[in-house]
Amino acid sequence: MVKAAVLYETKTPLVVEELELDDPQAGEVLVKIGAAGICRSDRHFMHGDAPIALPVVLGHEGAGTVEKVGPGVTSVRPGQQVILSFVPSCGRCKSCVTGKSHLCDNHAATGPNMYDGTTRLHKGDQRIHHMGKTACFAEYSVVPETGCVPIDTPIGMDKAALIGCCVPTGVGAVTSSAKVTPGSTVAVIGCGGVGLNVIMGAALVNASKIIAIDIRESQLEFAMKFGATHTVNASDKDPVAQVKELTGGKGADYTFEVFGSADTVKAAYDMAGKSGTVTIVGIAPVGAEAAINAVDMVRNEKTMRGTYYGSTHSSVEMPKLVDMYLAGKLNLDDLVVRHYSLDQINDAYDDMDKGEVGRGVIMY
Ligand SMILES: [Zn+2]
Ligand SMILES: [Zn+2]
């Protein structure tokens, strides 16, 4: 039996209770979870803004220690620290073989089930789904072998957990997707966990101006710790006009939407300058549509693209991010602000809703 937080119905609190967890099957690994981050993506499932099969154990930003491996597993061994990837790669589909394993087709087709379409979590006869095949809002999780990335030099579990979602998503949006060049101007809408990592990524590649945009003054002040050079409070004045003013009337070279709404997608587009690149990182509610000025897009040669999970292969990128943290290039120590127990998980999400700065992490 393992203690887990279960979502039975949208818009109701998570239920912390004991579930049965099967042994890892072929190609699977049992991980003792060390830490799990409080990310907004889980909240979207709780609110019903994004669909998922219920009941489900959420939690997709996690790290832990390998407890046991199933038949045929060769890349990890018991005792190793691992970071979980919520897009394990099957290695065979079109996305995987064309260098886009973060979009694995077989993972998308099987969703919150294991690759064979079944679950390892049960409560009596009831099957319980595993969000992202990670389900780390639980003391233990069974994950695909490719869904756990071993770390050579152990780091704090809370920091390792963050390298499971907000760090690669944010830094990768800058380095792998937009490919921001040194000296560029950058505007970032939304200063939550992922937004702060976009800001850190922009600082890493030596952007000249990094403009942080949010509606809360506390978030903006906090963003300065991670490399923001200017801040814009979008609740005071039009953020598009303010970004234009800060960039000499031109608009930013690179803009990032990290909030997840139609209005902020449009704002990210409008505040990009000539030849600007607009990168959409935030996931808006299902059905959201943003109106884009079609003439401006052509005349000013703007590029607009989405990026998912940093647009890189987890098993390549995550170890690099661990090394960058160890080298003092990523400020993950200041990013983790609050620790909670699994029993406090609903409070942890309420704190996120209230707009508390930085990341909260469940520690096991
Ligand atoms: Zn996340
Ligand atoms: Zn695949």
# chains A, B, ... in the order shown; residues from 1 in each chain; ligands from 1

call {"tool": "residues_near_ligand", "arguments": {"ligand": "ligand 2", "cutoff": "8 Å", "atoms": "only C-alpha atoms and all ligand atoms", "output": "mmCIF file with all heavy atoms, in the first residue's frame"}}
result
data_model
loop_
_atom_site.group_PDB
_atom_site.id
_atom_site.type_symbol
_atom_site.label_atom_id
_atom_site.label_comp_id
_atom_site.auth_asym_id
_atom_site.auth_seq_id
_atom_site.Cartn_x
_atom_site.Cartn_y
_atom_site.Cartn_z
ATOM 1 N N PRO A 88 7.773 10.112 -21.159
ATOM 2 C CA PRO A 88 8.759 9.072 -21.437
ATOM 3 C C PRO A 88 8.717 8.799 -22.939
ATOM 4 O O PRO A 88 7.681 9.005 -23.565
ATOM 5 C CB PRO A 88 8.242 7.870 -20.639
ATOM 6 C CG PRO A 88 6.789 8.117 -20.460
ATOM 7 C CD PRO A 88 6.602 9.607 -20.440
ATOM 8 N N SER A 89 9.830 8.378 -23.513
ATOM 9 C CA SER A 89 9.801 8.159 -24.965
ATOM 10 C C SER A 89 9.738 6.664 -25.257
ATOM 11 O O SER A 89 10.407 5.864 -24.613
ATOM 12 C CB SER A 89 11.027 8.786 -25.619
ATOM 13 O OG SER A 89 12.180 8.070 -25.287
ATOM 14 N N CYS A 90 8.914 6.303 -26.259
ATOM 15 C CA CYS A 90 8.809 4.887 -26.631
ATOM 16 C C CYS A 90 9.999 4.492 -27.508
ATOM 17 O O CYS A 90 10.327 3.322 -27.631
ATOM 18 C CB CYS A 90 7.497 4.628 -27.360
ATOM 19 S SG CYS A 90 7.480 5.232 -29.062
ATOM 20 N N GLY A 91 10.625 5.503 -28.150
ATOM 21 C CA GLY A 91 11.798 5.250 -28.993
ATOM 22 C C GLY A 91 11.487 4.741 -30.392
ATOM 23 O O GLY A 91 12.403 4.531 -31.177
ATOM 24 N N ARG A 92 10.208 4.549 -30.698
ATOM 25 C CA ARG A 92 9.869 3.925 -31.980
ATOM 26 C C ARG A 92 8.931 4.761 -32.853
ATOM 27 O O ARG A 92 8.867 4.563 -34.047
ATOM 28 C CB ARG A 92 9.178 2.573 -31.738
ATOM 29 C CG ARG A 92 10.045 1.530 -31.099
ATOM 30 C CD ARG A 92 9.317 0.204 -30.999
ATOM 31 N NE ARG A 92 8.073 0.291 -30.253
ATOM 32 C CZ ARG A 92 7.977 0.172 -28.941
ATOM 33 N NH1 ARG A 92 9.052 -0.044 -28.212
ATOM 34 N NH2 ARG A 92 6.814 0.255 -28.327
ATOM 35 N N CYS A 93 8.158 5.659 -32.251
ATOM 36 C CA CYS A 93 7.149 6.389 -33.038
ATOM 37 C C CYS A 93 7.823 7.461 -33.895
ATOM 38 O O CYS A 93 9.020 7.726 -33.761
ATOM 39 C CB CYS A 93 6.113 7.012 -32.102
ATOM 40 S SG CYS A 93 6.760 8.414 -31.158
ATOM 41 N N LYS A 94 7.030 8.091 -34.750
ATOM 42 C CA LYS A 94 7.572 9.112 -35.659
ATOM 43 C C LYS A 94 8.221 10.252 -34.867
ATOM 44 O O LYS A 94 9.323 10.701 -35.206
ATOM 45 C CB LYS A 94 6.443 9.656 -36.550
ATOM 46 C CG LYS A 94 6.947 10.633 -37.580
ATOM 47 C CD LYS A 94 5.806 11.233 -38.385
ATOM 48 C CE LYS A 94 6.349 12.358 -39.282
ATOM 49 N NZ LYS A 94 5.264 13.135 -39.877
ATOM 50 N N SER A 95 7.545 10.734 -33.816
ATOM 51 C CA SER A 95 8.125 11.838 -33.032
ATOM 52 C C SER A 95 9.458 11.426 -32.424
ATOM 53 O O SER A 95 10.444 12.170 -32.494
ATOM 54 C CB SER A 95 7.161 12.278 -31.924
ATOM 55 O OG SER A 95 5.975 12.805 -32.489
ATOM 56 N N CYS A 96 9.495 10.223 -31.817
ATOM 57 C CA CYS A 96 10.730 9.775 -31.160
ATOM 58 C C CYS A 96 11.882 9.616 -32.157
ATOM 59 O O CYS A 96 12.997 10.042 -31.876
ATOM 60 C CB CYS A 96 10.497 8.466 -30.411
ATOM 61 S SG CYS A 96 9.622 8.690 -28.847
ATOM 62 N N VAL A 97 11.608 9.042 -33.316
ATOM 63 C CA VAL A 97 12.714 8.789 -34.247
ATOM 64 C C VAL A 97 13.116 10.024 -35.043
ATOM 65 O O VAL A 97 14.125 10.016 -35.735
ATOM 66 C CB VAL A 97 12.442 7.598 -35.207
ATOM 67 C CG1 VAL A 97 12.223 6.325 -34.428
ATOM 68 C CG2 VAL A 97 11.274 7.885 -36.137
ATOM 69 N N SER A 101 11.199 13.469 -29.074
ATOM 70 C CA SER A 101 10.671 12.495 -28.111
ATOM 71 C C SER A 101 9.766 13.153 -27.075
ATOM 72 O O SER A 101 8.951 12.478 -26.450
ATOM 73 C CB SER A 101 11.824 11.769 -27.420
ATOM 74 O OG SER A 101 12.581 12.707 -26.697
ATOM 75 N N LEU A 103 7.356 14.778 -27.671
ATOM 76 C CA LEU A 103 5.994 14.717 -28.221
ATOM 77 C C LEU A 103 5.595 13.264 -28.509
ATOM 78 O O LEU A 103 4.710 13.019 -29.329
ATOM 79 C CB LEU A 103 5.909 15.545 -29.521
ATOM 80 C CG LEU A 103 6.269 17.034 -29.422
ATOM 81 C CD1 LEU A 103 6.218 17.686 -30.812
ATOM 82 C CD2 LEU A 103 5.331 17.769 -28.470
ATOM 83 N N CYS A 104 6.246 12.305 -27.866
ATOM 84 C CA CYS A 104 6.054 10.869 -28.156
ATOM 85 C C CYS A 104 4.584 10.504 -28.434
ATOM 86 O O CYS A 104 3.703 10.744 -27.626
ATOM 87 C CB CYS A 104 6.582 10.017 -26.987
ATOM 88 S SG CYS A 104 6.265 8.242 -27.213
ATOM 89 N N ASP A 105 4.360 9.926 -29.619
ATOM 90 C CA ASP A 105 2.995 9.592 -30.059
ATOM 91 C C ASP A 105 2.375 8.483 -29.201
ATOM 92 O O ASP A 105 1.185 8.505 -28.902
ATOM 93 C CB ASP A 105 3.000 9.133 -31.523
ATOM 94 C CG ASP A 105 3.627 10.149 -32.454
ATOM 95 O OD1 ASP A 105 3.843 11.299 -32.018
ATOM 96 O OD2 ASP A 105 3.918 9.797 -33.621
ATOM 97 N N ASN A 106 3.190 7.492 -28.849
ATOM 98 C CA ASN A 106 2.641 6.371 -28.073
ATOM 99 C C ASN A 106 2.337 6.782 -26.639
ATOM 100 O O ASN A 106 1.397 6.279 -26.023
ATOM 101 C CB ASN A 106 3.591 5.175 -28.109
ATOM 102 C CG ASN A 106 3.544 4.473 -29.458
ATOM 103 O OD1 ASN A 106 2.479 4.363 -30.062
ATOM 104 N ND2 ASN A 106 4.698 4.042 -29.953
ATOM 105 N N HIS A 107 3.117 7.719 -26.118
ATOM 106 C CA HIS A 107 2.795 8.252 -24.784
ATOM 107 C C HIS A 107 1.478 9.012 -24.853
ATOM 108 O O HIS A 107 0.599 8.834 -24.005
ATOM 109 C CB HIS A 107 3.922 9.162 -24.274
ATOM 110 C CG HIS A 107 3.574 9.885 -23.010
ATOM 111 N ND1 HIS A 107 3.311 9.216 -21.834
ATOM 112 C CD2 HIS A 107 3.403 11.200 -22.743
ATOM 113 C CE1 HIS A 107 3.005 10.108 -20.894
ATOM 114 N NE2 HIS A 107 3.059 11.307 -21.423
#

call {"tool": "residues_around", "arguments": {"residues": "A:Gly249", "least_positions_apart": "5", "cutoff": "12 Å", "atoms": "only C-alpha atoms", "output": "PyMOL selection string"}}
result
chain A and resi 240-244+271-274

call {"tool": "write_last_selection", "arguments": {"atoms": "N, CA and C atoms", "output": "PDB file, in the first residue's frame"}}
result
ATOM      1  N   VAL A 240       1.666  45.977 -23.352  1.00  0.00           N
ATOM      2  CA  VAL A 240       2.238  46.088 -24.697  1.00  0.00           C
ATOM      3  C   VAL A 240       2.900  47.464 -24.851  1.00  0.00           C
ATOM      4  N   ALA A 241       2.196  48.505 -24.428  1.00  0.00           N
ATOM      5  CA  ALA A 241       2.749  49.868 -24.526  1.00  0.00           C
ATOM      6  C   ALA A 241       4.012  49.996 -23.675  1.00  0.00           C
ATOM      7  N   GLN A 242       4.000  49.372 -22.503  1.00  0.00           N
ATOM      8  CA  GLN A 242       5.162  49.480 -21.610  1.00  0.00           C
ATOM      9  C   GLN A 242       6.383  48.760 -22.178  1.00  0.00           C
ATOM     10  N   VAL A 243       6.169  47.605 -22.789  1.00  0.00           N
ATOM     11  CA  VAL A 243       7.306  46.874 -23.383  1.00  0.00           C
ATOM     12  C   VAL A 243       7.852  47.675 -24.565  1.00  0.00           C
ATOM     13  N   LYS A 244       6.969  48.275 -25.348  1.00  0.00           N
ATOM     14  CA  LYS A 244       7.434  49.106 -26.482  1.00  0.00           C
ATOM     15  C   LYS A 244       8.266  50.275 -25.958  1.00  0.00           C
ATOM     16  N   MET A 271       3.490  42.594 -28.442  1.00  0.00           N
ATOM     17  CA  MET A 271       4.666  43.275 -27.887  1.00  0.00           C
ATOM     18  C   MET A 271       5.982  42.833 -28.553  1.00  0.00           C
ATOM     19  N   ALA A 272       5.891  41.890 -29.503  1.00  0.00           N
ATOM     20  CA  ALA A 272       7.093  41.484 -30.244  1.00  0.00           C
ATOM     21  C   ALA A 272       7.333  42.489 -31.375  1.00  0.00           C
ATOM     22  N   GLY A 273       8.595  42.802 -31.619  1.00  0.00           N
ATOM     23  CA  GLY A 273       8.940  43.773 -32.656  1.00  0.00           C
ATOM     24  C   GLY A 273       9.121  43.137 -34.021  1.00  0.00           C
ATOM     25  N   LYS A 274       9.672  43.906 -34.948  1.00  0.00           N
ATOM     26  CA  LYS A 274       9.947  43.439 -36.305  1.00  0.00           C
ATOM     27  C   LYS A 274      10.866  42.218 -36.238  1.00  0.00           C
TER      28      LYS A 274
END

call {"tool": "closest_atom_pairs", "arguments": {"of": "chain A", "to": "ligand 1", "cutoff": "10 Å", "atoms": "only C-alpha atoms and all ligand atoms", "output": "Markdown table"}}
result
| residue | atom | partner | partner_atom_place_in_ligand_line | distance |
| --- | --- | --- | --- | --- |
| A:Gly37 | CA | ligand 1 | 1 (Zn) | 7.7 |
| A:Ile38 | CA | ligand 1 | 1 (Zn) | 7.7 |
| A:Cys39 | CA | ligand 1 | 1 (Zn) | 4.6 |
| A:Arg40 | CA | ligand 1 | 1 (Zn) | 6.3 |
| A:Ser41 | CA | ligand 1 | 1 (Zn) | 5.3 |
| A:Asp42 | CA | ligand 1 | 1 (Zn) | 7.2 |
| A:Arg43 | CA | ligand 1 | 1 (Zn) | 9.7 |
| A:Gly59 | CA | ligand 1 | 1 (Zn) | 8.2 |
| A:His60 | CA | ligand 1 | 1 (Zn) | 6.2 |
| A:Glu61 | CA | ligand 1 | 1 (Zn) | 5.8 |
| A:Gly62 | CA | ligand 1 | 1 (Zn) | 9.6 |
| A:Phe86 | CA | ligand 1 | 1 (Zn) | 8.9 |
| A:Leu162 | CA | ligand 1 | 1 (Zn) | 8.6 |
| A:Ile163 | CA | ligand 1 | 1 (Zn) | 9.9 |
| A:Gly164 | CA | ligand 1 | 1 (Zn) | 7.9 |
| A:Cys165 | CA | ligand 1 | 1 (Zn) | 4.7 |
| A:Cys166 | CA | ligand 1 | 1 (Zn) | 5.6 |
| A:Val167 | CA | ligand 1 | 1 (Zn) | 9.2 |
| A:Pro168 | CA | ligand 1 | 1 (Zn) | 9.8 |
| A:Thr169 | CA | ligand 1 | 1 (Zn) | 8.1 |
| A:Gly193 | CA | ligand 1 | 1 (Zn) | 8.6 |
| A:Val194 | CA | ligand 1 | 1 (Zn) | 7.9 |
| A:Tyr309 | CA | ligand 1 | 1 (Zn) | 8.6 |

call {"tool": "closest_residue", "arguments": {"among": "A:Glu145, A:Glu245, A:Glu257, A:Asp152", "to": "A:Ile189", "atoms": "only C-alpha atoms"}}
result
A:Glu257

call {"tool": "select_by_dssp", "arguments": {"residues": "stretch 209-327 of chain A", "states": "strand (DSSP E or B)", "output": "number ranges by chain"}}
result
A: 209-214, 230-233, 252-257, 272-280, 303-306

call {"tool": "select_by_dssp", "arguments": {"residues": "stretch 146-354 of chain A", "states": "alpha helix (DSSP H)", "output": "ChimeraX atom specification"}}
result
/A:157-162,166-172,193-204,217-223,239-246,262-270,294-299,314-326,332-335,345-353

call {"tool": "atom_distance", "arguments": {"atom1": "atom CA of A:Ala53", "atom2": "atom CA of A:Lys3"}}
result
20.0 Å

call {"tool": "residues_around", "arguments": {"residues": "stretch 216-231 of chain A", "least_positions_apart": "4", "cutoff": "7 Å", "atoms": "only C-alpha atoms", "output": "list of chain:residue names"}}
result
A:Cys191, A:Leu196, A:Ile199, A:Met200, A:Ala203, A:Lys209, A:Ile210, A:Ile211, A:Ala212, A:Asn331, A:Val357

call {"tool": "atom_distance", "arguments": {"atom1": "atom CA of A:Asp116", "atom2": "atom CA of A:Gly48"}}
result
25.9 Å

call {"tool": "closest_residue", "arguments": {"among": "A:Met1, A:Ala291, A:Leu54, A:Met324", "to": "A:Pro112", "atoms": "only C-alpha atoms"}}
result
A:Leu54

call {"tool": "residues_around", "arguments": {"residues": "A:Gly358", "least_positions_apart": "5", "cutoff": "8 Å", "atoms": "only C-alpha atoms", "output": "ChimeraX atom specification"}}
result
/A:192-193,222,334-337

call {"tool": "write_last_selection", "arguments": {"atoms": "N, CA, C and O atoms", "output": "short mmCIF file (atom, residue, chain, number, x, y, z; two decimals), in the first residue's frame"}}
result
data_model
loop_
_atom_site.label_atom_id
_atom_site.label_comp_id
_atom_site.auth_asym_id
_atom_site.auth_seq_id
_atom_site.Cartn_x
_atom_site.Cartn_y
_atom_site.Cartn_z
N GLY A 192 5.55 32.83 -12.70
CA GLY A 192 5.45 31.64 -11.84
C GLY A 192 6.70 30.79 -12.03
O GLY A 192 7.70 31.26 -12.58
N GLY A 193 6.64 29.53 -11.61
CA GLY A 193 7.81 28.65 -11.67
C GLY A 193 8.42 28.55 -13.06
O GLY A 193 9.64 28.66 -13.22
N PHE A 222 10.36 39.40 -7.00
CA PHE A 222 11.02 38.09 -6.92
C PHE A 222 11.75 37.78 -8.22
O PHE A 222 12.85 37.21 -8.20
N ASP A 334 16.93 29.49 -4.58
CA ASP A 334 15.96 30.53 -4.25
C ASP A 334 14.58 30.25 -4.82
O ASP A 334 13.60 30.85 -4.42
N LEU A 335 14.52 29.33 -5.81
CA LEU A 335 13.24 29.05 -6.47
C LEU A 335 12.30 28.25 -5.55
O LEU A 335 11.10 28.44 -5.55
N VAL A 336 12.89 27.35 -4.74
CA VAL A 336 12.07 26.55 -3.82
C VAL A 336 11.84 27.39 -2.56
O VAL A 336 12.77 27.69 -1.83
N VAL A 337 10.60 27.78 -2.35
CA VAL A 337 10.30 28.68 -1.24
C VAL A 337 9.57 27.96 -0.10
O VAL A 337 9.75 28.26 1.06
#

call {"tool": "decode", "arguments": {"residues": "stretch 112-144 of chain A", "atoms": "N, CA, C and O atoms", "output": "short mmCIF file (atom, residue, chain, number, x, y, z; two decimals), in the first residue's frame"}}
result
data_model
loop_
_atom_site.label_atom_id
_atom_site.label_comp_id
_atom_site.auth_asym_id
_atom_site.auth_seq_id
_atom_site.Cartn_x
_atom_site.Cartn_y
_atom_site.Cartn_z
N PRO A 112 -2.69 8.74 -19.33
CA PRO A 112 -2.38 8.44 -17.93
C PRO A 112 -2.46 6.96 -17.59
O PRO A 112 -2.82 6.58 -16.48
N ASN A 113 -2.13 6.12 -18.58
CA ASN A 113 -2.00 4.67 -18.35
C ASN A 113 -0.56 4.32 -18.67
O ASN A 113 0.15 5.11 -19.29
N MET A 114 -0.14 3.11 -18.31
CA MET A 114 1.19 2.67 -18.71
C MET A 114 1.12 2.38 -20.22
O MET A 114 0.06 2.38 -20.82
N TYR A 115 2.29 2.09 -20.82
CA TYR A 115 2.32 1.87 -22.28
C TYR A 115 1.42 0.72 -22.72
O TYR A 115 0.96 0.68 -23.86
N ASP A 116 1.16 -0.26 -21.83
CA ASP A 116 0.30 -1.38 -22.22
C ASP A 116 -1.19 -1.07 -22.02
O ASP A 116 -2.05 -1.95 -22.19
N GLY A 117 -1.49 0.18 -21.65
CA GLY A 117 -2.89 0.59 -21.50
C GLY A 117 -3.51 0.27 -20.15
O GLY A 117 -4.68 0.59 -19.92
N THR A 118 -2.74 -0.34 -19.24
CA THR A 118 -3.28 -0.65 -17.91
C THR A 118 -2.64 0.29 -16.88
O THR A 118 -1.75 1.08 -17.21
N THR A 119 -3.10 0.20 -15.63
CA THR A 119 -2.50 1.00 -14.56
C THR A 119 -1.88 0.08 -13.53
O THR A 119 -2.26 -1.08 -13.42
N ARG A 120 -0.90 0.59 -12.79
CA ARG A 120 -0.33 -0.17 -11.67
C ARG A 120 -1.02 0.22 -10.36
O ARG A 120 -0.88 -0.45 -9.37
N LEU A 121 -1.68 1.37 -10.37
CA LEU A 121 -2.39 1.84 -9.17
C LEU A 121 -3.83 1.34 -9.18
O LEU A 121 -4.50 1.38 -10.22
N HIS A 122 -4.28 0.85 -8.02
CA HIS A 122 -5.67 0.38 -7.89
C HIS A 122 -6.16 0.71 -6.49
O HIS A 122 -5.38 0.82 -5.55
N LYS A 123 -7.50 0.78 -6.38
CA LYS A 123 -8.12 0.77 -5.06
C LYS A 123 -9.19 -0.30 -5.14
O LYS A 123 -10.25 -0.09 -5.75
N GLY A 124 -8.89 -1.46 -4.60
CA GLY A 124 -9.77 -2.62 -4.80
C GLY A 124 -9.83 -2.91 -6.28
O GLY A 124 -8.80 -3.05 -6.93
N ASP A 125 -11.05 -2.95 -6.85
CA ASP A 125 -11.21 -3.24 -8.27
C ASP A 125 -11.09 -1.99 -9.15
O ASP A 125 -11.06 -2.09 -10.37
N GLN A 126 -11.07 -0.83 -8.51
CA GLN A 126 -11.05 0.42 -9.28
C GLN A 126 -9.64 0.77 -9.75
O GLN A 126 -8.71 0.81 -8.94
N ARG A 127 -9.48 0.98 -11.04
CA ARG A 127 -8.16 1.38 -11.51
C ARG A 127 -7.98 2.88 -11.30
O ARG A 127 -8.90 3.66 -11.44
N ILE A 128 -6.76 3.25 -10.92
CA ILE A 128 -6.43 4.66 -10.68
C ILE A 128 -5.35 5.04 -11.68
O ILE A 128 -4.34 4.33 -11.82
N HIS A 129 -5.57 6.13 -12.41
CA HIS A 129 -4.66 6.54 -13.48
C HIS A 129 -3.41 7.24 -12.94
O HIS A 129 -3.40 7.74 -11.81
N HIS A 130 -2.39 7.29 -13.80
CA HIS A 130 -1.10 7.89 -13.44
C HIS A 130 -0.87 9.09 -14.36
O HIS A 130 -0.50 8.89 -15.52
N MET A 131 -1.08 10.31 -13.90
CA MET A 131 -0.82 11.46 -14.75
C MET A 131 0.63 11.42 -15.28
O MET A 131 1.56 11.24 -14.50
N GLY A 132 0.77 11.59 -16.60
CA GLY A 132 2.11 11.68 -17.21
C GLY A 132 2.95 10.43 -17.03
O GLY A 132 4.15 10.45 -17.22
N LYS A 133 2.30 9.33 -16.60
CA LYS A 133 3.03 8.10 -16.23
C LYS A 133 4.05 8.41 -15.13
O LYS A 133 5.03 7.69 -14.96
N THR A 134 3.82 9.51 -14.38
CA THR A 134 4.73 9.85 -13.27
C THR A 134 4.01 9.72 -11.93
O THR A 134 4.56 9.15 -11.00
N ALA A 135 2.79 10.28 -11.83
CA ALA A 135 1.96 10.15 -10.62
C ALA A 135 2.76 10.30 -9.33
O ALA A 135 2.72 9.43 -8.47
N CYS A 136 3.48 11.42 -9.22
CA CYS A 136 4.39 11.55 -8.07
C CYS A 136 3.76 12.23 -6.85
O CYS A 136 4.47 12.50 -5.89
N PHE A 137 2.45 12.45 -6.85
CA PHE A 137 1.79 12.83 -5.60
C PHE A 137 1.45 11.54 -4.85
O PHE A 137 0.31 11.25 -4.50
N ALA A 138 2.48 10.73 -4.67
CA ALA A 138 2.37 9.44 -3.99
C ALA A 138 3.75 9.07 -3.46
O ALA A 138 4.76 9.53 -4.01
N GLU A 139 3.79 8.27 -2.41
CA GLU A 139 5.09 7.91 -1.82
C GLU A 139 5.96 7.09 -2.77
O GLU A 139 7.18 7.16 -2.71
N TYR A 140 5.30 6.29 -3.59
CA TYR A 140 6.01 5.46 -4.58
C TYR A 140 5.29 5.56 -5.91
O TYR A 140 4.07 5.76 -5.94
N SER A 141 6.04 5.37 -7.00
CA SER A 141 5.40 5.36 -8.32
C SER A 141 6.09 4.33 -9.20
O SER A 141 7.31 4.14 -9.10
N VAL A 142 5.31 3.67 -10.05
CA VAL A 142 5.90 2.80 -11.08
C VAL A 142 5.88 3.60 -12.38
O VAL A 142 4.84 4.12 -12.78
N VAL A 143 7.06 3.73 -12.98
CA VAL A 143 7.20 4.56 -14.19
C VAL A 143 7.92 3.76 -15.28
O VAL A 143 8.66 2.82 -14.97
N PRO A 144 7.74 4.13 -16.56
CA PRO A 144 8.51 3.46 -17.61
C PRO A 144 10.00 3.75 -17.41
O PRO A 144 10.36 4.81 -16.89
#
